[in-house]
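Peer 1: Structure file structure-v4.txt (compact mmCIF, C-alpha atoms) right here:
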```txt
# COMPACT_ATOMS: atom_id res chain seq x y z
CA MET M 1 60.06 18.93 67.73
CA LYS M 2 59.93 19.82 64.06
CA ASN M 3 62.77 22.15 62.95
CA GLY M 4 63.92 22.49 66.57
CA SER M 5 67.52 23.35 65.76
CA LEU M 6 66.41 26.03 63.28
CA PHE M 7 64.07 27.53 65.87
CA PHE M 8 66.75 27.72 68.55
CA LEU M 9 69.29 29.10 66.09
CA GLY M 10 66.81 31.83 65.17
CA LEU M 11 66.17 32.58 68.82
CA PHE M 12 69.89 32.79 69.53
CA LEU M 13 70.49 35.05 66.54
CA SER M 14 67.73 37.48 67.49
CA LEU M 15 69.09 37.73 71.04
CA LEU M 16 72.61 38.14 69.68
CA ILE M 17 71.57 40.97 67.39
CA ALA M 18 69.72 42.75 70.22
CA TRP M 19 72.70 42.33 72.56
CA GLY M 20 75.07 43.59 69.90
CA GLY M 21 72.92 46.63 69.23
CA ILE M 22 72.07 47.57 72.78
CA VAL M 23 75.15 46.51 74.74
CA LEU M 24 78.05 46.41 72.28
CA GLY M 25 76.82 49.37 70.24
CA SER M 26 76.40 51.62 73.28
CA HIS M 27 79.72 50.52 74.67
CA THR M 28 81.49 51.31 71.41
CA GLN M 29 79.87 54.74 71.29
CA LEU M 30 80.10 55.78 74.94
CA GLY M 31 82.51 53.36 76.62
CA GLY M 32 85.54 55.54 75.93
CA LEU M 33 83.96 58.76 77.23
CA THR M 34 86.56 60.85 79.07
CA PRO M 35 86.16 63.62 81.65
CA PHE M 36 85.87 67.10 80.19
CA PHE M 37 88.84 69.34 80.93
CA ASP M 38 87.95 72.96 81.58
CA GLU M 39 90.96 75.13 80.83
CA GLY M 40 89.56 78.11 82.70
CA ASP M 41 89.03 76.18 85.94
CA ASN M 42 92.06 73.93 85.34
CA LEU M 43 89.90 71.00 86.46
CA SER M 44 88.36 67.96 84.85
CA TYR M 45 84.63 67.37 85.12
CA PRO M 46 82.82 65.40 86.45
CA LEU M 47 84.75 65.48 89.71
CA ARG M 48 85.55 62.06 91.11
CA PRO M 49 83.49 61.40 94.26
CA SER M 50 85.36 60.96 97.51
CA GLY M 51 85.74 57.42 98.80
CA PHE M 52 83.22 58.14 101.54
CA ALA M 53 80.64 59.30 99.00
CA ALA M 54 81.36 56.34 96.71
CA ARG M 55 80.60 54.03 99.63
CA GLY M 56 77.37 55.95 100.13
CA GLN M 57 76.31 54.93 96.66
CA LEU M 58 76.47 51.30 97.77
CA VAL M 59 74.10 52.16 100.63
CA TYR M 60 71.84 54.01 98.19
CA THR M 61 71.77 50.94 95.96
CA ASP M 62 71.30 48.63 98.90
CA LEU M 63 68.30 50.52 100.28
CA GLY M 64 66.63 50.62 96.89
CA CYS M 65 66.34 54.40 96.77
CA ALA M 66 66.29 54.11 92.99
CA SER M 67 62.80 52.63 93.07
CA CYS M 68 61.39 56.07 93.94
CA HIS M 69 64.18 58.55 93.17
CA THR M 70 65.63 59.05 89.73
CA GLN M 71 68.99 60.56 88.88
CA GLN M 72 68.34 61.80 85.43
CA VAL M 73 67.11 65.25 84.48
CA ARG M 74 65.24 65.52 81.21
CA ARG M 75 65.24 68.57 79.05
CA PRO M 76 62.17 70.79 78.73
CA GLY M 77 59.68 69.21 76.36
CA HIS M 78 60.30 65.77 77.81
CA GLY M 79 59.18 66.52 81.36
CA SER M 80 59.00 69.32 83.88
CA ASP M 81 62.22 68.30 85.68
CA GLN M 82 63.99 71.61 85.11
CA ALA M 83 60.90 73.64 85.97
CA ARG M 84 60.78 71.80 89.28
CA GLY M 85 64.33 72.93 90.02
CA TRP M 86 65.84 69.47 89.82
CA GLY M 87 68.62 70.58 87.51
CA GLU M 88 69.81 73.42 85.35
CA ARG M 89 70.41 71.24 82.33
CA GLN M 90 69.64 67.77 81.04
CA SER M 91 71.74 64.86 82.21
CA VAL M 92 74.28 63.52 79.74
CA ALA M 93 76.29 60.32 79.65
CA ARG M 94 79.40 62.08 80.93
CA ASP M 95 77.70 62.72 84.28
CA TYR M 96 77.88 59.03 85.10
CA ILE M 97 81.36 58.01 84.00
CA PHE M 98 82.74 57.69 87.54
CA GLN M 99 79.77 55.69 88.79
CA ALA M 100 80.16 51.95 88.74
CA ARG M 101 76.38 51.50 88.86
CA PRO M 102 74.55 54.65 87.82
CA GLN M 103 71.33 54.87 89.81
CA LEU M 104 69.13 56.18 87.03
CA GLY M 105 66.01 55.19 88.92
CA VAL M 106 62.88 53.22 88.19
CA SER M 107 60.04 55.67 88.82
CA ARG M 108 59.75 59.36 89.61
CA PHE M 109 57.79 58.94 92.80
CA GLY M 110 60.12 61.20 94.77
CA PRO M 111 62.15 64.14 93.54
CA ASP M 112 65.08 63.63 91.23
CA LEU M 113 68.38 63.67 93.12
CA THR M 114 70.90 64.18 90.31
CA ASN M 115 71.72 67.70 91.32
CA LEU M 116 70.76 67.65 94.99
CA ALA M 117 73.99 69.29 96.16
CA ALA M 118 73.52 72.24 93.82
CA ARG M 119 69.86 73.02 94.49
CA LYS M 120 68.86 76.66 94.33
CA PRO M 121 68.79 78.68 96.49
CA GLN M 122 70.70 76.22 98.65
CA ALA M 123 71.35 72.53 99.03
CA PRO M 124 69.82 70.73 102.00
CA SER M 125 72.10 70.62 105.02
CA PRO M 126 73.37 67.28 106.32
CA ASP M 127 71.30 67.82 109.46
CA ALA M 128 68.11 68.26 107.43
CA LEU M 129 68.85 65.05 105.53
CA TYR M 130 69.50 63.13 108.75
CA GLN M 131 66.20 64.40 110.17
CA TRP M 132 64.41 63.43 106.99
CA LEU M 133 65.88 59.95 107.01
CA TYR M 134 65.22 59.41 110.71
CA ALA M 135 61.70 60.77 110.96
CA GLY M 136 60.44 60.28 107.43
CA ALA M 137 57.61 62.35 106.01
CA ALA M 138 54.08 61.86 104.73
CA THR M 139 55.32 60.28 101.52
CA HIS M 140 58.71 59.05 102.71
CA ALA M 141 59.18 56.07 104.99
CA PRO M 142 61.40 56.63 108.02
CA TYR M 143 64.79 54.91 107.88
CA ALA M 144 65.32 54.91 111.61
CA PHE M 145 67.39 51.72 111.38
CA LEU M 146 70.18 53.82 109.94
CA PHE M 147 70.50 55.50 113.35
CA GLU M 148 71.55 54.28 116.71
CA ARG M 149 69.78 55.23 119.92
CA ARG M 150 72.18 54.96 122.80
CA PRO M 151 72.69 56.28 126.30
CA ILE M 152 74.95 59.29 126.54
CA VAL M 153 78.23 58.26 128.10
CA GLY M 154 80.34 61.25 128.99
CA GLU M 155 80.09 64.00 126.38
CA PRO M 156 77.07 63.91 124.02
CA SER M 157 78.07 63.14 120.43
CA ALA M 158 78.54 66.12 118.14
CA GLN M 159 76.66 64.19 115.46
CA ALA M 160 73.61 63.52 117.60
CA LEU M 161 70.33 64.51 115.95
CA LYS M 162 68.55 67.53 117.35
CA LEU M 163 65.13 65.97 117.81
CA SER M 164 62.05 67.70 119.11
CA GLY M 165 58.33 67.06 119.40
CA ALA M 166 57.15 63.49 118.85
CA GLN M 167 60.66 62.33 117.94
CA ALA M 168 62.28 63.61 121.11
CA VAL M 169 64.18 60.91 123.00
CA ALA M 170 64.41 60.47 126.75
CA ALA M 171 66.93 62.58 128.60
CA GLY M 172 70.28 60.87 128.83
CA THR M 173 69.93 59.15 125.43
CA GLU M 174 70.86 60.37 122.00
CA VAL M 175 70.28 59.34 118.39
CA VAL M 176 73.40 59.24 116.24
CA PRO M 177 73.70 58.33 112.57
CA THR M 178 75.48 55.06 111.87
CA GLU M 179 78.25 54.87 109.31
CA ARG M 180 75.73 53.80 106.66
CA ALA M 181 73.71 56.96 107.24
CA ARG M 182 76.81 59.12 107.16
CA THR M 183 78.11 57.64 103.90
CA LEU M 184 74.63 57.91 102.37
CA VAL M 185 74.34 61.58 103.27
CA ALA M 186 77.88 62.21 102.03
CA TYR M 187 76.88 60.59 98.76
CA LEU M 188 73.69 62.64 98.47
CA LEU M 189 75.57 65.87 99.13
CA ASN M 190 78.09 64.89 96.48
CA LEU M 191 75.46 64.68 93.75
CA ASN M 192 76.21 67.75 91.70
CA THR M 193 75.85 68.12 87.97
CA GLY M 194 76.36 71.87 87.99
CA TYR M 195 79.03 71.80 85.30
CA ASP M 196 77.75 72.68 81.85
CA TYR M 197 79.21 70.30 79.24
CA PRO M 198 79.15 71.40 75.62
CA GLU M 199 76.96 68.46 74.65
CA ALA M 200 74.46 69.30 77.40
CA ARG M 201 73.70 72.75 76.04
CA PRO M 202 70.32 73.04 74.37
CA LEU M 203 70.16 73.56 70.65
CA PRO M 204 70.05 77.20 69.59
CA ALA M 205 66.50 78.39 69.04
CA PRO M 206 65.34 77.83 65.46
CA ALA M 207 65.92 80.79 63.18
CA ALA M 208 63.04 83.23 62.93
CA GLN M 209 60.49 82.31 60.28
CA PRO M 210 60.55 84.52 57.19
CA GLU M 211 57.27 86.14 58.24
CA PRO M 212 58.07 89.76 57.32
CA LYS M 213 58.45 88.75 53.66
CA ALA M 214 54.92 87.36 53.52
CA GLU M 215 53.59 90.49 55.17
CA ALA M 216 55.44 92.67 52.72
CA LYS M 217 53.76 90.81 49.87
CA LYS M 218 50.33 91.56 51.26
CA MET S 1 22.15 -6.61 23.10
CA SER S 2 23.86 -6.37 26.42
CA THR S 3 27.30 -4.78 27.02
CA PRO S 4 30.09 -7.30 26.85
CA HIS S 5 31.94 -5.78 29.90
CA SER S 6 29.32 -6.57 32.41
CA THR S 7 29.67 -10.21 31.85
CA ASP S 8 33.32 -10.38 30.83
CA PRO S 9 35.19 -11.66 33.89
CA ARG S 10 38.61 -10.54 32.48
CA VAL S 11 37.89 -6.85 32.65
CA GLU S 12 38.29 -5.24 36.07
CA PRO S 13 35.39 -2.94 36.84
CA ALA S 14 36.24 0.74 37.60
CA ALA S 15 36.25 1.74 41.32
CA LEU S 16 34.07 4.71 40.65
CA SER S 17 31.46 5.34 38.14
CA ASP S 18 31.72 8.41 35.96
CA GLU S 19 29.08 10.21 38.03
CA GLN S 20 30.87 9.50 41.28
CA LEU S 21 34.18 10.75 39.82
CA LEU S 22 32.58 13.95 38.65
CA ALA S 23 31.01 14.48 42.09
CA ALA S 24 34.39 13.95 43.82
CA HIS S 25 36.06 16.46 41.48
CA GLU S 26 33.27 18.86 42.09
CA GLN S 27 33.87 18.60 45.84
CA ALA S 28 37.64 19.11 45.56
CA THR S 29 37.49 22.04 43.17
CA PRO S 30 37.39 25.38 45.05
CA LYS S 31 34.27 27.38 44.57
CA PRO S 32 34.62 31.07 43.79
CA GLY S 33 35.65 32.83 47.06
CA GLU S 34 37.21 29.73 48.56
CA THR S 35 40.94 29.14 49.06
CA GLY S 36 40.76 25.42 48.65
CA GLY S 37 43.04 24.88 51.65
CA ARG S 38 45.94 26.94 50.23
CA PHE S 39 47.34 30.17 51.71
CA PRO S 40 46.14 33.13 49.69
CA LEU S 41 48.70 35.65 48.45
CA PRO S 42 48.68 38.90 50.47
CA PRO S 43 46.97 41.69 48.66
CA LEU S 44 49.38 43.80 46.65
CA ASN S 45 48.09 47.01 48.29
CA LEU S 46 49.29 45.82 51.68
CA LEU S 47 52.78 45.32 50.27
CA ALA S 48 52.71 48.86 48.91
CA VAL S 49 51.58 50.24 52.30
CA LEU S 50 54.37 48.39 54.14
CA ALA S 51 56.99 49.58 51.68
CA GLY S 52 55.68 53.13 52.15
CA LEU S 53 55.95 52.80 55.93
CA ILE S 54 59.57 51.64 55.66
CA VAL S 55 60.43 54.58 53.41
CA CYS S 56 58.75 57.01 55.84
CA SER S 57 60.63 55.53 58.83
CA VAL S 58 63.94 55.91 57.05
CA PHE S 59 63.20 59.55 56.34
CA PHE S 60 62.05 60.08 59.94
CA LEU S 61 65.13 58.44 61.41
CA SER S 62 67.51 60.38 59.21
CA ARG S 63 65.77 63.59 60.27
CA TYR S 64 65.04 62.95 63.97
CA ALA S 65 67.77 60.61 65.23
CA GLY S 66 70.47 63.21 65.91
CA ASP S 67 72.66 61.47 63.31
CA PHE S 68 72.94 58.56 65.81
CA HIS S 69 75.77 60.53 67.40
CA PRO S 70 76.53 59.62 71.03
CA GLN S 71 77.04 63.24 72.07
CA VAL S 72 73.85 64.58 70.50
CA TYR S 73 70.91 64.50 72.88
CA ASP S 74 68.39 66.50 70.93
CA GLU S 75 66.70 64.51 68.19
CA ARG S 76 66.84 67.54 65.90
CA GLY S 77 70.56 68.00 66.54
CA LYS S 78 73.29 67.36 64.01
CA ALA S 79 76.53 65.54 64.65
CA PRO S 80 79.22 68.13 65.38
CA ALA S 81 82.20 68.47 63.11
CA PRO S 82 85.30 66.74 64.56
CA GLY S 83 86.71 68.81 67.41
CA ALA S 84 83.88 71.32 67.28
CA ALA S 85 82.02 70.09 70.37
CA ALA S 86 84.38 71.78 72.80
CA ALA S 87 84.07 75.08 70.99
CA ALA S 88 80.30 75.40 71.27
CA PRO S 89 79.75 79.02 72.29
CA VAL S 90 78.49 79.82 75.77
CA ASP S 91 75.89 82.53 76.11
CA PRO S 92 77.46 84.97 78.59
CA LEU S 93 74.02 85.96 79.88
CA VAL S 94 73.14 82.36 80.76
CA LEU S 95 76.56 81.69 82.28
CA GLY S 96 76.44 85.01 84.11
CA LYS S 97 73.00 84.35 85.56
CA ASN S 98 74.21 80.98 86.80
CA ILE S 99 77.31 82.44 88.44
CA TYR S 100 75.30 85.26 89.98
CA ALA S 101 73.02 82.67 91.57
CA GLN S 102 76.02 80.73 92.90
CA VAL S 103 78.32 83.50 94.06
CA CYS S 104 76.81 86.95 94.31
CA VAL S 105 73.27 86.20 95.43
CA THR S 106 74.09 85.78 99.13
CA CYS S 107 74.91 89.45 99.59
CA HIS S 108 73.40 91.26 96.64
CA GLN S 109 70.17 89.16 96.81
CA PRO S 110 68.29 87.59 93.91
CA THR S 111 66.58 90.92 93.31
CA GLY S 112 69.87 92.81 93.08
CA LEU S 113 68.69 95.17 95.82
CA GLY S 114 71.41 94.27 98.31
CA LEU S 115 71.05 94.29 102.08
CA PRO S 116 71.74 97.65 103.75
CA PRO S 117 73.82 98.72 105.55
CA ALA S 118 76.62 96.38 104.40
CA PHE S 119 75.70 95.19 100.92
CA PRO S 120 74.90 97.89 98.36
CA PRO S 121 72.24 97.44 95.68
CA LEU S 122 73.11 96.76 92.04
CA VAL S 123 69.78 98.00 90.70
CA GLY S 124 70.29 101.51 89.45
CA SER S 125 73.77 101.71 90.96
CA GLU S 126 75.88 104.45 89.38
CA TRP S 127 79.00 102.30 89.86
CA LEU S 128 77.48 99.47 87.83
CA ALA S 129 76.35 101.83 85.11
CA GLY S 130 79.75 103.56 85.11
CA SER S 131 83.17 102.62 83.81
CA GLU S 132 83.77 98.94 83.10
CA GLU S 133 87.38 99.36 84.26
CA ARG S 134 86.06 99.98 87.76
CA VAL S 135 83.58 97.10 87.99
CA ILE S 136 86.13 94.63 86.62
CA ARG S 137 88.59 95.73 89.30
CA ILE S 138 85.98 95.38 92.04
CA LEU S 139 85.43 91.76 91.05
CA LEU S 140 89.11 90.98 90.54
CA HIS S 141 90.41 92.52 93.77
CA GLY S 142 87.39 92.93 96.01
CA LEU S 143 86.20 96.11 97.67
CA GLN S 144 86.90 97.29 101.20
CA GLY S 145 85.65 100.22 103.22
CA PRO S 146 82.89 102.78 102.87
CA ILE S 147 81.34 103.47 99.50
CA LYS S 148 78.49 105.73 98.52
CA VAL S 149 75.83 104.14 96.28
CA LYS S 150 72.70 106.03 95.22
CA GLY S 151 73.34 108.62 97.90
CA THR S 152 73.60 106.10 100.74
CA GLU S 153 76.78 105.18 102.56
CA PHE S 154 77.51 101.44 102.69
CA ASN S 155 80.32 99.89 104.66
CA GLY S 156 81.13 96.29 103.93
CA ALA S 157 83.84 94.08 102.54
CA MET S 158 83.37 92.43 99.19
CA PRO S 159 85.75 89.51 98.68
CA ALA S 160 87.73 89.14 95.48
CA VAL S 161 86.20 86.56 93.17
CA GLY S 162 88.88 86.49 90.48
CA PRO S 163 91.47 83.80 89.69
CA GLY S 164 93.37 82.70 92.78
CA SER S 165 90.67 83.88 95.19
CA GLY S 166 88.33 81.63 97.10
CA TYR S 167 85.78 81.72 94.28
CA ASN S 168 88.44 81.37 91.57
CA LEU S 169 86.29 82.66 88.72
CA ASN S 170 88.24 82.79 85.47
CA PRO S 171 88.17 85.91 83.26
CA GLN S 172 85.48 84.41 81.05
CA LYS S 173 83.18 83.93 84.04
CA ILE S 174 83.91 87.38 85.44
CA ALA S 175 83.09 88.91 82.08
CA ALA S 176 79.91 86.82 81.87
CA VAL S 177 78.60 87.76 85.28
CA LEU S 178 79.36 91.44 84.72
CA THR S 179 77.67 91.32 81.34
CA TYR S 180 74.60 89.73 82.91
CA VAL S 181 74.41 92.12 85.86
CA ARG S 182 74.93 95.20 83.70
CA LYS S 183 72.22 94.11 81.28
CA GLU S 184 69.82 93.13 84.03
CA TRP S 185 70.14 96.11 86.36
CA ALA S 186 71.86 98.88 84.48
CA GLY S 187 70.31 98.30 81.08
CA ILE S 188 73.70 98.22 79.36
CA ASN S 189 73.64 95.85 76.43
CA VAL S 190 77.37 96.02 75.67
CA PRO S 191 79.11 92.79 76.74
CA ILE S 192 82.37 92.91 78.68
CA SER S 193 85.03 90.86 76.95
CA PRO S 194 87.11 88.25 78.79
CA ALA S 195 90.17 89.72 77.07
CA LYS S 196 89.58 93.04 78.82
CA VAL S 197 89.40 91.26 82.19
CA SER S 198 92.63 89.35 81.47
CA GLU S 199 94.31 92.58 80.39
CA ILE S 200 93.40 94.42 83.61
CA ARG S 201 94.44 91.42 85.66
CA ALA S 202 97.83 91.28 83.93
CA LYS S 203 98.28 95.04 84.44
CA ASP S 204 97.35 95.09 88.13
CA GLY S 205 98.77 91.78 89.27
CA ALA S 206 97.93 90.62 92.77
CA ARG S 207 96.95 93.42 95.12
CA ALA S 208 94.83 94.22 98.17
CA ALA S 209 91.12 95.03 97.95
CA MET S 210 90.15 98.26 96.22
CA THR S 211 88.71 101.20 98.12
CA ALA S 212 86.23 103.76 96.91
CA PRO S 213 88.76 106.63 96.62
CA GLU S 214 91.06 104.37 94.59
CA LEU S 215 88.20 103.51 92.26
CA GLU S 216 87.39 107.19 91.82
CA LYS S 217 90.85 107.73 90.34
CA ILE S 218 90.30 105.10 87.64
CA PRO S 219 88.72 106.53 84.52
```
Let's see the structure in the file written out as structure tokens.
Peer 2:
Amino acid sequence: MKNGSLFFLGLFLSLLIAWGGIVLGSHTQLGGLTPFFDEGDNLSYPLRPSGFAARGQLVYTDLGCASCHTQQVRRPGHGSDQARGWGERQSVARDYIFQARPQLGVSRFGPDLTNLAARKPQAPSPDALYQWLYAGAATHAPYAFLFERRPIVGEPSAQALKLSGAQAVAAGTEVVPTERARTLVAYLLNLNTGYDYPEARPLPAPAAQPEPKAEAKK
Amino acid sequence: MSTPHSTDPRVEPAALSDEQLLAAHEQATPKPGETGGRFPLPPLNLLAVLAGLIVCSVFFLSRYAGDFHPQVYDERGKAPAPGAAAAAPVDPLVLGKNIYAQVCVTCHQPTGLGLPPAFPPLVGSEWLAGSEERVIRILLHGLQGPIKVKGTEFNGAMPAVGPGSGYNLNPQKIAAVLTYVRKEWAGINVPISPAKVSEIRAKDGARAAMTAPELEKIP
């Protein structure tokens, strides 16, 4: 091959430059991002997720939820995320600092889940999420394998799903969430970006145009 | 007389005749409009257009790249001065609306009309439109027992939302939510300052919930 070494050196250099710009550059700029300390609340934000919720993120990753659900709210002008009630503000890098693998998402097929635990007027209850996962919906596949159907031995489980209609199970059996389902729901109900960081605030509205002057001239 | 060359065996004859040589040159010389197998130079205009594009991109990036600052998310934003990011002012009306939706809305309702007979309305309430000393104390200490609002008797228990309570709102948040509620439903455009809330809190200290007769005594 003519000039083979030169070709491969060029290829290597162009990859190196891209890696330096995209990986090293971002890491230099954002790698040292610290939690934001709010003096009024005497707390640092974002709050670190509980161990149970952090394990739920592994289940979320494992099930591939990110292929339909995003976790990134865009500001008005870049999408209707805030108008849909998915978040009060745009997502910023600081929201993700305690997440080993931020699940930003691939496509917005389902609703954004960044701020699920702080939905207005109220967040979904764990029971509603279990129902949703077990039974599915028109556009959401059921994840019944996250639940265990078993005969009731002694007392019925307090965590058993209250099923009715087509989902109802035979008397003497119950459907209980497995540990995967419970960690997943704990993770989902831990997704809360309600805290307003300074960098997340929108720019102040542009100053009023000097219209009155022009009118005065007329 | 014949030419001597044609018969002279010592002279090597030329490979091409003059006519053939001229024809070969003619074939190799590019005609007008032909490149003759060489790469043509790019037109100078194209170079000017490309240079113009680069200049435009530099101007665009310097204007709409948020100064390449990691904490600036709006392309029109400017990099904050060192240490200024934390001091970006919060609009009390926005903060207050947010807190109202988180804390107050359960009882006083999104409309501010309350839920009789326990939760009095805020819309048009004479207490809300009245002294700020009173409303600050209601939020700091809570309110217990019967209270007359707009001619109707209400009897409920409002929990304290101030620092140390279950809601643990700091003075800034209390001032913000009061400012929002007073603007929204009493038409008062004067903001309540966090300093005033802190001052009343320092003066009162920790105490039980207020009652309506106690509030009446406060100017």
Peer 1: Quick one: which chain M residues come within 8 Å of chain S, and what is the nearest atom pair for each with the distance in Å to one decimal, counting all atoms listed in the file, rows ordered by chain and ascending number, as a Markdown table?
Peer 2:
```
| residue | atom | partner | partner_atom | distance |
| --- | --- | --- | --- | --- |
| M:Gln29 | CA | S:Pro70 | CA | 5.9 |
| M:Leu30 | CA | S:Pro70 | CA | 6.5 |
| M:Gly40 | CA | S:Asn170 | CA | 5.6 |
| M:Asp41 | CA | S:Asn170 | CA | 6.7 |
| M:Val92 | CA | S:Tyr73 | CA | 7.7 |
| M:Lys120 | CA | S:Ala101 | CA | 7.8 |
| M:Pro121 | CA | S:Ala101 | CA | 7.6 |
| M:Pro198 | CA | S:Ala86 | CA | 6.0 |
| M:Glu199 | CA | S:Gln71 | CA | 5.8 |
| M:Ala200 | CA | S:Tyr73 | CA | 7.5 |
| M:Pro202 | CA | S:Asp74 | CA | 7.6 |
| M:Leu203 | CA | S:Gly77 | CA | 6.9 |
```
Peer 1: List every protein, DNA or RNA residue with an atom no more than 10 Å from (92.8, 95.0, 100.0) in the file's coordinates, counting only C-alpha atoms, and format the result as a PDB file with C-alpha atoms, in the coordinates of the input.
Peer 2:
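Output file selection-v1.pdb is given in full below:
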```
ATOM      1  CA  HIS S 141      90.410  92.520  93.770  1.00  0.00           C
ATOM      2  CA  GLY S 142      87.390  92.930  96.010  1.00  0.00           C
ATOM      3  CA  LEU S 143      86.200  96.110  97.670  1.00  0.00           C
ATOM      4  CA  GLN S 144      86.900  97.290 101.200  1.00  0.00           C
ATOM      5  CA  GLY S 145      85.650 100.220 103.220  1.00  0.00           C
ATOM      6  CA  ALA S 157      83.840  94.080 102.540  1.00  0.00           C
ATOM      7  CA  MET S 158      83.370  92.430  99.190  1.00  0.00           C
ATOM      8  CA  PRO S 159      85.750  89.510  98.680  1.00  0.00           C
ATOM      9  CA  ALA S 160      87.730  89.140  95.480  1.00  0.00           C
ATOM     10  CA  ALA S 206      97.930  90.620  92.770  1.00  0.00           C
ATOM     11  CA  ARG S 207      96.950  93.420  95.120  1.00  0.00           C
ATOM     12  CA  ALA S 208      94.830  94.220  98.170  1.00  0.00           C
ATOM     13  CA  ALA S 209      91.120  95.030  97.950  1.00  0.00           C
ATOM     14  CA  MET S 210      90.150  98.260  96.220  1.00  0.00           C
ATOM     15  CA  THR S 211      88.710 101.200  98.120  1.00  0.00           C
TER      16      THR S 211
END
```
Peer 1: Using only C-alpha atoms, which residues sit within 7 Å of Pro151 in chain M once same-chain residues fewer than 2 positions away are excluded, as JSON, numbers by chain?
Peer 2: {"M": [153, 172, 173, 174]}
Peer 1: Neighbours of Leu188 in chain M within 10 Å (only C-alpha atoms; same-chain residues fewer than 5 positions away dropped), as JSON, numbers by chain?
Peer 2: {"M": [53, 56, 57, 60, 113, 114, 115, 116, 117, 124, 126, 129, 182, 183]}
Peer 1: Please compute the CA of Glu148 in chain M-CA of Ala171 in chain M distance, one decimal, in Å.
Peer 2: 15.2 Å
Peer 1: Please indicate the distance in Å from CA of Leu184 in chain M to CA of Arg55 in chain M, rounded to one decimal place.
Peer 2: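 Calculated distance between CA of Leu184 in chain M and CA of Arg55 in chain M is 7.6 Å.
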Peer 1: Please indicate the distance in Å from CA of Ser14 in chain M to CA of Ser57 in chain S, rounded to one decimal place.
Peer 2: 21.2 Å
Peer 1: Hey, what's within 8 Å of Phe109 in chain M if we count all atoms listed in the file and toss same-chain stuff fewer than 2 positions away? As a PyMOL selection string, please?
Peer 2: chain M and resi 68-69+107+111
Peer 1: Can you tell me, as a list of chain:residue names, what residues are no more than 9 Å from Ile192 in chain S when counting all atoms listed in the file, ignoring any on the same chain fewer than 5 positions away?
Peer 2: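 Everything that qualifies: S:Glu132, S:Ile136, S:Ile174, S:Ala175, S:Ala176, S:Leu178, S:Thr179, S:Val197.
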Peer 1: Quick one: residues within 10 Å of Tyr130 in chain M, all atoms listed in the file, excluding same-chain residues fewer than 4 positions away - as a PyMOL selection string?
Peer 2: chain M and resi 125-126+134-136+143-144+146-147+159-162+176-177+181-182+184-185
Peer 1: Which polymer residues, protein or nucleic acid, are no farther than 9 Å from (63.3, 67.8, 85.0), counting all atoms listed in the file, as a PDB file with C-alpha atoms, keeping the file's coordinate frame?
Peer 2:
```
ATOM      1  CA  GLN M  72      68.340  61.800  85.430  1.00  0.00           C
ATOM      2  CA  VAL M  73      67.110  65.250  84.480  1.00  0.00           C
ATOM      3  CA  ARG M  74      65.240  65.520  81.210  1.00  0.00           C
ATOM      4  CA  ARG M  75      65.240  68.570  79.050  1.00  0.00           C
ATOM      5  CA  PRO M  76      62.170  70.790  78.730  1.00  0.00           C
ATOM      6  CA  HIS M  78      60.300  65.770  77.810  1.00  0.00           C
ATOM      7  CA  GLY M  79      59.180  66.520  81.360  1.00  0.00           C
ATOM      8  CA  SER M  80      59.000  69.320  83.880  1.00  0.00           C
ATOM      9  CA  ASP M  81      62.220  68.300  85.680  1.00  0.00           C
ATOM     10  CA  GLN M  82      63.990  71.610  85.110  1.00  0.00           C
ATOM     11  CA  ALA M  83      60.900  73.640  85.970  1.00  0.00           C
ATOM     12  CA  ARG M  84      60.780  71.800  89.280  1.00  0.00           C
ATOM     13  CA  GLY M  85      64.330  72.930  90.020  1.00  0.00           C
ATOM     14  CA  TRP M  86      65.840  69.470  89.820  1.00  0.00           C
ATOM     15  CA  GLY M  87      68.620  70.580  87.510  1.00  0.00           C
ATOM     16  CA  GLU M  88      69.810  73.420  85.350  1.00  0.00           C
ATOM     17  CA  ARG M  89      70.410  71.240  82.330  1.00  0.00           C
ATOM     18  CA  GLN M  90      69.640  67.770  81.040  1.00  0.00           C
ATOM     19  CA  ASP M 112      65.080  63.630  91.230  1.00  0.00           C
TER      20      ASP M 112
END
```
Peer 1: For Lys150 in chain S, which residue among S:Phe60, S:Gly162, S:Arg137, S:Pro116 is the nearest when counting all atoms listed in the file?
Peer 2: S:Pro116
Peer 1: Selecting N, CA and C atoms, how would range 178-183 of chain M from this structure be written as a PDB file, in the first residue's frame?
Peer 2:
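Saved the output as out06.pdb:
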```pdb
ATOM      1  N   THR M 178     -40.696  -8.793  42.640  1.00  0.00           N
ATOM      2  CA  THR M 178     -39.398  -9.338  43.035  1.00  0.00           C
ATOM      3  C   THR M 178     -38.502  -8.190  43.472  1.00  0.00           C
ATOM      4  N   GLU M 179     -37.318  -8.537  43.936  1.00  0.00           N
ATOM      5  CA  GLU M 179     -36.394  -7.504  44.396  1.00  0.00           C
ATOM      6  C   GLU M 179     -36.016  -6.556  43.252  1.00  0.00           C
ATOM      7  N   ARG M 180     -35.913  -7.113  42.032  1.00  0.00           N
ATOM      8  CA  ARG M 180     -35.585  -6.244  40.889  1.00  0.00           C
ATOM      9  C   ARG M 180     -36.651  -5.174  40.726  1.00  0.00           C
ATOM     10  N   ALA M 181     -37.932  -5.590  40.794  1.00  0.00           N
ATOM     11  CA  ALA M 181     -39.009  -4.618  40.628  1.00  0.00           C
ATOM     12  C   ALA M 181     -38.972  -3.595  41.753  1.00  0.00           C
ATOM     13  N   ARG M 182     -38.681  -4.051  42.962  1.00  0.00           N
ATOM     14  CA  ARG M 182     -38.702  -3.107  44.081  1.00  0.00           C
ATOM     15  C   ARG M 182     -37.554  -2.105  43.996  1.00  0.00           C
ATOM     16  N   THR M 183     -36.357  -2.570  43.581  1.00  0.00           N
ATOM     17  CA  THR M 183     -35.263  -1.612  43.432  1.00  0.00           C
ATOM     18  C   THR M 183     -35.544  -0.658  42.280  1.00  0.00           C
TER      19      THR M 183
END
```
